[in-house]
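Next comes query35.txt, a file with compact mmCIF, C-alpha atoms.
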# COMPACT_ATOMS: atom_id res chain seq x y z
CA MET A 1410 0.17 -17.27 22.24
CA ILE A 1411 -2.70 -18.49 20.12
CA GLU A 1412 -3.29 -18.54 16.39
CA VAL A 1413 -6.64 -17.61 14.91
CA THR A 1414 -7.45 -18.38 11.29
CA ARG A 1415 -10.26 -16.95 9.21
CA ARG A 1416 -11.37 -18.29 5.84
CA TYR A 1417 -12.27 -15.95 2.99
CA SER A 1418 -13.06 -16.59 -0.64
CA PHE A 1419 -12.93 -14.79 -3.92
CA SER A 1420 -13.60 -15.81 -7.50
CA ALA A 1421 -11.19 -14.58 -10.11
CA SER A 1422 -9.56 -15.52 -13.38
CA HIS A 1423 -5.94 -15.58 -14.39
CA ARG A 1424 -3.67 -16.58 -17.23
CA LEU A 1425 -0.27 -18.06 -16.55
CA HIS A 1426 1.97 -16.36 -19.06
CA SER A 1427 5.41 -14.78 -18.84
CA ASN A 1428 6.79 -12.17 -21.18
CA ALA A 1429 10.20 -13.74 -20.57
CA PHE A 1430 9.20 -16.66 -22.79
CA SER A 1431 8.03 -17.15 -26.35
CA GLU A 1432 4.43 -18.16 -27.12
CA ALA A 1433 5.59 -21.74 -27.68
CA GLU A 1434 7.59 -21.78 -24.44
CA ASN A 1435 4.64 -20.35 -22.49
CA SER A 1436 2.35 -22.97 -23.95
CA GLU A 1437 4.83 -25.72 -23.14
CA LEU A 1438 5.45 -24.50 -19.56
CA PHE A 1439 1.95 -23.52 -18.45
CA GLY A 1440 -0.17 -25.85 -20.61
CA LYS A 1441 -3.92 -25.26 -20.32
CA CYS A 1442 -3.27 -22.43 -17.85
CA ASN A 1443 -1.78 -20.44 -20.73
CA ASN A 1444 -5.15 -20.13 -22.53
CA PRO A 1445 -4.97 -16.55 -23.87
CA PHE A 1446 -8.39 -15.59 -22.49
CA GLY A 1447 -7.70 -16.82 -18.96
CA HIS A 1448 -9.65 -19.18 -16.75
CA GLY A 1449 -11.02 -18.89 -13.21
CA HIS A 1450 -11.14 -20.44 -9.77
CA ASN A 1451 -12.99 -20.07 -6.50
CA TYR A 1452 -10.02 -19.25 -4.33
CA GLU A 1453 -10.22 -19.94 -0.60
CA VAL A 1454 -7.82 -17.84 1.47
CA PHE A 1455 -7.03 -18.77 5.07
CA VAL A 1456 -5.39 -15.91 6.97
CA THR A 1457 -3.72 -16.78 10.28
CA ALA A 1458 -2.85 -14.18 12.90
CA ARG A 1459 -0.90 -14.98 16.04
CA GLY A 1460 -0.98 -13.15 19.33
CA PRO A 1461 -1.47 -13.32 23.08
CA LEU A 1462 -4.89 -13.87 24.56
CA ASP A 1463 -6.62 -10.70 25.77
CA SER A 1464 -7.55 -11.58 29.33
CA GLN A 1465 -10.64 -9.35 29.25
CA THR A 1466 -12.25 -10.56 26.05
CA GLY A 1467 -10.86 -14.11 25.99
CA ARG A 1468 -9.87 -13.57 22.37
CA ALA A 1469 -6.60 -12.93 20.55
CA PHE A 1470 -8.24 -10.10 18.59
CA ALA A 1471 -11.62 -9.00 17.29
CA PRO A 1472 -12.15 -11.05 14.11
CA GLU A 1473 -14.11 -8.25 12.45
CA ILE A 1474 -10.92 -6.14 12.36
CA LEU A 1475 -9.21 -8.83 10.27
CA ASP A 1476 -12.38 -9.26 8.20
CA ASN A 1477 -12.43 -5.54 7.38
CA LEU A 1478 -8.73 -5.50 6.54
CA VAL A 1479 -9.00 -8.49 4.19
CA SER A 1480 -12.22 -7.26 2.68
CA THR A 1481 -10.93 -3.74 1.98
CA HIS A 1482 -7.42 -4.53 0.81
CA VAL A 1483 -7.72 -8.00 -0.71
CA LEU A 1484 -11.23 -9.12 -1.60
CA ALA A 1485 -12.29 -5.78 -3.08
CA ALA A 1486 -9.24 -5.91 -5.36
CA TYR A 1487 -9.43 -9.59 -6.33
CA ASP A 1488 -13.06 -10.73 -6.32
CA HIS A 1489 -14.59 -11.09 -9.78
CA LYS A 1490 -11.50 -9.72 -11.49
CA TYR A 1491 -9.13 -10.91 -14.20
CA MET A 1492 -5.95 -10.73 -12.19
CA ASN A 1493 -3.61 -10.21 -15.13
CA THR A 1494 -5.24 -6.93 -16.09
CA ASP A 1495 -7.23 -5.85 -13.02
CA VAL A 1496 -4.87 -6.44 -10.10
CA SER A 1497 -1.88 -4.10 -10.12
CA GLU A 1498 0.68 -6.61 -8.82
CA PHE A 1499 0.26 -8.76 -11.89
CA ALA A 1500 0.98 -6.17 -14.56
CA GLU A 1501 4.41 -7.78 -14.96
CA LEU A 1502 4.20 -10.74 -12.60
CA VAL A 1503 2.69 -14.14 -13.42
CA PRO A 1504 -0.42 -14.65 -11.24
CA THR A 1505 0.45 -18.14 -10.07
CA THR A 1506 -1.10 -18.89 -6.73
CA GLU A 1507 2.38 -18.74 -5.19
CA ASN A 1508 2.58 -15.13 -6.35
CA VAL A 1509 -1.01 -14.44 -5.28
CA ALA A 1510 -0.13 -15.61 -1.76
CA LEU A 1511 2.93 -13.34 -1.68
CA ALA A 1512 0.91 -10.40 -3.03
CA ILE A 1513 -1.87 -10.90 -0.48
CA ALA A 1514 0.69 -11.14 2.33
CA LYS A 1515 2.20 -7.84 1.18
CA ARG A 1516 -1.18 -6.12 0.96
CA LEU A 1517 -2.01 -7.24 4.49
CA ALA A 1518 1.44 -6.36 5.85
CA ASP A 1519 1.25 -2.87 4.30
CA HIS A 1520 -1.98 -2.10 6.17
CA TRP A 1521 -1.51 -4.31 9.23
CA THR A 1522 -0.55 -1.62 11.74
CA GLU A 1523 -3.49 0.57 10.69
CA ALA A 1524 -5.76 -2.32 11.66
CA PHE A 1525 -3.77 -3.49 14.68
CA PRO A 1526 -1.91 -0.45 16.06
CA ALA A 1527 -0.93 -2.29 19.27
CA GLY A 1528 1.45 -4.50 17.29
CA THR A 1529 -0.41 -7.71 18.12
CA PRO A 1530 -1.50 -10.01 16.68
CA ARG A 1531 1.05 -10.49 13.94
CA LEU A 1532 0.40 -11.94 10.50
CA ARG A 1533 1.49 -15.55 10.67
CA LYS A 1534 0.30 -17.49 7.62
CA ILE A 1535 -1.52 -17.28 4.29
CA LEU A 1536 -2.92 -20.52 2.89
CA ILE A 1537 -4.70 -20.55 -0.46
CA ARG A 1538 -6.76 -23.39 -1.86
CA GLU A 1539 -6.88 -22.73 -5.58
CA THR A 1540 -8.86 -25.93 -6.08
CA ASP A 1541 -9.42 -28.88 -3.75
CA ARG A 1542 -6.24 -30.38 -5.17
CA ASN A 1543 -3.91 -27.37 -5.26
CA ILE A 1544 -2.99 -25.81 -1.93
CA PHE A 1545 -0.33 -23.17 -1.27
CA GLU A 1546 0.90 -22.17 2.17
CA LEU A 1547 3.11 -19.23 3.09
CA THR A 1548 4.39 -19.00 6.66
CA LEU A 1549 5.62 -15.55 7.62
CA MET B 690 6.11 -37.88 13.78
CA LEU B 691 2.79 -36.11 14.18
CA ILE B 692 -0.53 -37.95 14.37
CA THR B 693 -3.92 -36.26 14.45
CA ARG B 694 -7.27 -37.54 15.66
CA LYS B 695 -10.46 -35.60 15.00
CA VAL B 696 -13.52 -35.38 17.22
CA GLU B 697 -16.68 -33.34 16.75
CA PHE B 698 -19.04 -31.97 19.38
CA SER B 699 -22.09 -29.73 19.20
CA ALA B 700 -22.56 -27.14 21.92
CA SER B 701 -23.92 -23.70 22.59
CA HIS B 702 -22.15 -20.75 24.15
CA ALA B 703 -22.67 -17.07 24.87
CA LEU B 704 -19.84 -14.56 24.75
CA ARG B 705 -20.46 -12.14 27.58
CA ARG B 706 -18.39 -10.51 30.26
CA GLU B 707 -20.35 -10.09 33.47
CA LEU B 708 -18.50 -6.88 34.36
CA TRP B 709 -19.72 -5.21 31.19
CA THR B 710 -23.06 -3.66 30.36
CA GLU B 711 -25.29 -5.14 27.70
CA ALA B 712 -24.16 -2.44 25.26
CA GLU B 713 -20.47 -3.14 25.94
CA ASN B 714 -20.97 -6.86 25.42
CA VAL B 715 -22.77 -6.32 22.13
CA ALA B 716 -20.10 -3.84 20.99
CA CYS B 717 -17.38 -6.44 21.65
CA TYR B 718 -19.00 -9.73 20.70
CA GLY B 719 -21.87 -8.73 18.40
CA ALA B 720 -24.54 -11.38 17.91
CA ALA B 721 -22.47 -13.84 19.97
CA ALA B 722 -23.38 -11.86 23.12
CA ASN B 723 -26.99 -13.14 23.04
CA PRO B 724 -27.48 -14.31 26.66
CA HIS B 725 -29.55 -17.30 25.56
CA GLY B 726 -26.56 -18.65 23.67
CA HIS B 727 -26.16 -20.01 20.18
CA GLY B 728 -24.53 -23.17 18.89
CA HIS B 729 -21.80 -24.59 16.71
CA ASN B 730 -20.65 -27.94 15.46
CA TYR B 731 -17.12 -27.75 16.81
CA ILE B 732 -14.40 -29.88 15.29
CA VAL B 733 -11.32 -30.62 17.39
CA GLU B 734 -8.13 -31.86 15.77
CA VAL B 735 -5.79 -33.25 18.40
CA THR B 736 -2.19 -33.66 17.25
CA LEU B 737 0.38 -35.72 19.14
CA ALA B 738 4.13 -35.71 18.53
CA GLY B 739 6.18 -38.84 19.10
CA ASN B 740 8.05 -41.75 17.62
CA PRO B 741 6.31 -45.00 16.66
CA ASP B 742 6.81 -47.71 19.26
CA PRO B 743 9.31 -50.22 17.80
CA VAL B 744 7.07 -53.19 18.67
CA THR B 745 3.54 -51.90 17.97
CA GLY B 746 4.50 -49.48 15.20
CA MET B 747 2.20 -46.88 16.74
CA VAL B 748 2.80 -43.47 18.32
CA MET B 749 -0.29 -44.11 20.41
CA ASP B 750 -3.04 -46.69 20.26
CA LEU B 751 -5.85 -44.74 18.62
CA LYS B 752 -8.47 -46.71 20.54
CA GLU B 753 -6.90 -45.42 23.71
CA LEU B 754 -6.80 -41.87 22.35
CA LYS B 755 -10.47 -42.18 21.35
CA GLU B 756 -11.38 -43.17 24.92
CA ILE B 757 -9.45 -40.19 26.31
CA LEU B 758 -11.19 -37.83 23.87
CA ASN B 759 -14.59 -39.26 24.78
CA ARG B 760 -13.91 -38.74 28.46
CA GLU B 761 -12.18 -35.34 28.30
CA VAL B 762 -13.98 -33.67 25.38
CA MET B 763 -17.19 -35.41 24.31
CA GLU B 764 -18.67 -36.10 27.74
CA PRO B 765 -18.13 -32.62 29.16
CA PHE B 766 -18.83 -30.60 25.99
CA ASP B 767 -21.16 -32.44 23.58
CA HIS B 768 -24.75 -31.17 23.64
CA ARG B 769 -24.06 -28.73 26.46
CA PHE B 770 -24.46 -25.01 26.96
CA LEU B 771 -20.83 -24.37 27.83
CA ASN B 772 -21.42 -21.29 30.01
CA HIS B 773 -23.78 -23.11 32.33
CA GLU B 774 -22.59 -26.65 32.66
CA ASP B 775 -18.89 -26.86 32.23
CA SER B 776 -16.08 -25.69 34.39
CA PRO B 777 -14.26 -23.38 33.74
CA PHE B 778 -16.76 -21.59 31.50
CA GLN B 779 -18.97 -20.37 34.28
CA THR B 780 -16.19 -17.83 34.85
CA THR B 781 -14.01 -18.03 31.69
CA ILE B 782 -15.62 -16.73 28.48
CA PRO B 783 -16.00 -19.71 26.13
CA THR B 784 -14.42 -18.11 23.07
CA ALA B 785 -12.87 -20.49 20.55
CA GLU B 786 -9.48 -19.48 21.98
CA ASN B 787 -10.45 -20.39 25.55
CA ILE B 788 -12.13 -23.64 24.51
CA ALA B 789 -8.95 -24.70 22.67
CA ILE B 790 -6.83 -23.84 25.71
CA GLU B 791 -9.20 -25.77 28.01
CA ILE B 792 -9.06 -28.84 25.74
CA TRP B 793 -5.26 -28.60 25.81
CA ARG B 794 -5.32 -28.51 29.62
CA ARG B 795 -7.61 -31.52 29.80
CA LEU B 796 -5.59 -33.62 27.35
CA CYS B 797 -2.02 -32.66 28.14
CA ALA B 798 -1.45 -35.15 31.00
CA PRO B 799 -3.70 -38.03 29.84
CA VAL B 800 -1.98 -38.37 26.44
CA GLN B 801 1.55 -38.06 27.84
CA ARG B 802 3.68 -41.20 27.34
CA ASP B 803 7.39 -41.91 27.11
CA GLY B 804 8.39 -39.98 24.00
CA VAL B 805 4.83 -38.86 23.21
CA ARG B 806 3.39 -35.44 23.96
CA LEU B 807 0.52 -33.23 22.96
CA HIS B 808 1.62 -31.03 20.05
CA ALA B 809 -1.40 -28.95 19.03
CA ILE B 810 -5.11 -28.41 19.41
CA ARG B 811 -6.95 -27.06 16.40
CA LEU B 812 -10.53 -26.06 17.15
CA TRP B 813 -12.86 -25.27 14.26
CA GLU B 814 -15.81 -23.19 15.42
CA THR B 815 -17.23 -22.82 11.89
CA PRO B 816 -15.76 -23.61 8.46
CA ASP B 817 -14.65 -19.94 8.44
CA LEU B 818 -12.86 -19.79 11.80
CA TYR B 819 -10.43 -21.99 13.64
CA VAL B 820 -7.81 -21.51 16.34
CA ASP B 821 -4.54 -23.35 16.98
CA TYR B 822 -2.99 -23.70 20.42
CA TYR B 823 0.46 -25.17 20.97
CA GLY B 824 0.65 -24.88 24.76
CA GLU B 825 2.51 -22.41 26.89
CA GLU B 826 5.91 -23.58 25.65
CA ASP B 827 5.12 -22.80 22.04
CA SER B 828 8.35 -22.43 20.06
CA ASN B 829 6.85 -20.75 16.97
CA ASP B 830 8.08 -17.24 17.82
Written form, structure tokens:
Amino acid sequence: MIEVTRRYSFSASHRLHSNAFSEAENSELFGKCNNPFGHGHNYEVFVTARGPLDSQTGRAFAPEILDNLVSTHVLAAYDHKYMNTDVSEFAELVPTTENVALAIAKRLADHWTEAFPAGTPRLRKILIRETDRNIFELTL
Amino acid sequence: MLITRKVEFSASHALRRELWTEAENVACYGAAANPHGHGHNYIVEVTLAGNPDPVTGMVMDLKELKEILNREVMEPFDHRFLNHEDSPFQTTIPTAENIAIEIWRRLCAPVQRDGVRLHAIRLWETPDLYVDYYGEEDSND
């Protein structure tokens, strides 16, 4: 088994705000990230897939298949968008980067077998660098 | 405890399967099938697992690890065209996956000590692509 990781990036804005809290509570909890007009990041997304080596090609999979999957189902939906209003998952859900990682994992899982009908590789990890100092990793 | 040492080499490679036609190679590997090769600045992160020695406080002397990496990685790979000069890549396609596996094979025995073993090889081919290999007895499934 071998794990192959590709890096992608998108630029998007978000506002951390929950309807479960009052304005004051939101401001207290999320601080600057609660700015009503949102703020943005250059997100870096590392997607790891794990599978056996194909003895003919010497690769675990063709990276362009993963690139197309991520591009079609993630980057097209997230890049240059305001996540709170433009990305369907965040209509009711706070777009913290934890939740973005979970949402991206679900988008990829939902379309994984279309891209990889043989069942390998499998989706192994999503790592998001929101900034150089904030890094979120989801192992599946 | 895990410790990681990084080493960087620059090399060229061509991704081609001799049994395939030119068109089949290009269909599979794209621009990387160019028979003249193309290059990368590869970064290798070598991770060892072990307990610090009670006297020295070290899992492994990093000077010693550096010498092993120079001998097993830098000398055979740095500033080479992998397909032409380095066994096993005259017959094995030097994909990032196969290079990582080959580095594992080269390092596995030399870094082995009482209580110390090779844990992972991470090979960065570009800032947008890396592979991780944990050996044949990988317990991540």
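Put simply, CA of Glu1501 in chain A is 24.9 Å away from CA of Lys1534 in chain A.
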What lies within 8 Å of range 732-737 of chain B using all atoms listed in the file, ignoring chain neighbours under 6 positions off, as a tab-separated table (two decimals) with C-alpha atoms, keeping the file's coordinate frame?
chain	number	residue	atom	x	y	z
B	691	LEU	CA	2.79	-36.11	14.18
B	692	ILE	CA	-0.53	-37.95	14.37
B	693	THR	CA	-3.92	-36.26	14.45
B	694	ARG	CA	-7.27	-37.54	15.66
B	695	LYS	CA	-10.46	-35.60	15.00
B	696	VAL	CA	-13.52	-35.38	17.22
B	697	GLU	CA	-16.68	-33.34	16.75
B	698	PHE	CA	-19.04	-31.97	19.38
B	805	VAL	CA	4.83	-38.86	23.21
B	806	ARG	CA	3.39	-35.44	23.96
B	807	LEU	CA	0.52	-33.23	22.96
B	808	HIS	CA	1.62	-31.03	20.05
B	809	ALA	CA	-1.40	-28.95	19.03
B	810	ILE	CA	-5.11	-28.41	19.41
B	811	ARG	CA	-6.95	-27.06	16.40
B	812	LEU	CA	-10.53	-26.06	17.15
B	813	TRP	CA	-12.86	-25.27	14.26
B	814	GLU	CA	-15.81	-23.19	15.42
>> Residues of chain A within 8 Å of chain B, counting only C-alpha atoms, what are they? List them as JSON, numbers by chain.
In response: {"A": [1410, 1411, 1412, 1413, 1414, 1415, 1416, 1417, 1462, 1465, 1466, 1467, 1468, 1469, 1471]}
> Can you tell me, as a VMD selection string, what residues are no more than 8 Å from Asn740 in chain B when counting all atoms listed in the file, ignoring any on the same chain fewer than 3 positions away?
Replying inline: chain B and resid 690 747 to 748 804 to 805
>> Could you tell me how far CA of Ala1458 in chain A sits from CA of Ala1485 in chain A, in Å to one decimal place?
In response: 20.4 Å
> What lies within 8 Å of range 795-803 of chain B using only C-alpha atoms, ignoring chain neighbours under 6 positions off, as a count of residues only?
Replying inline: 4
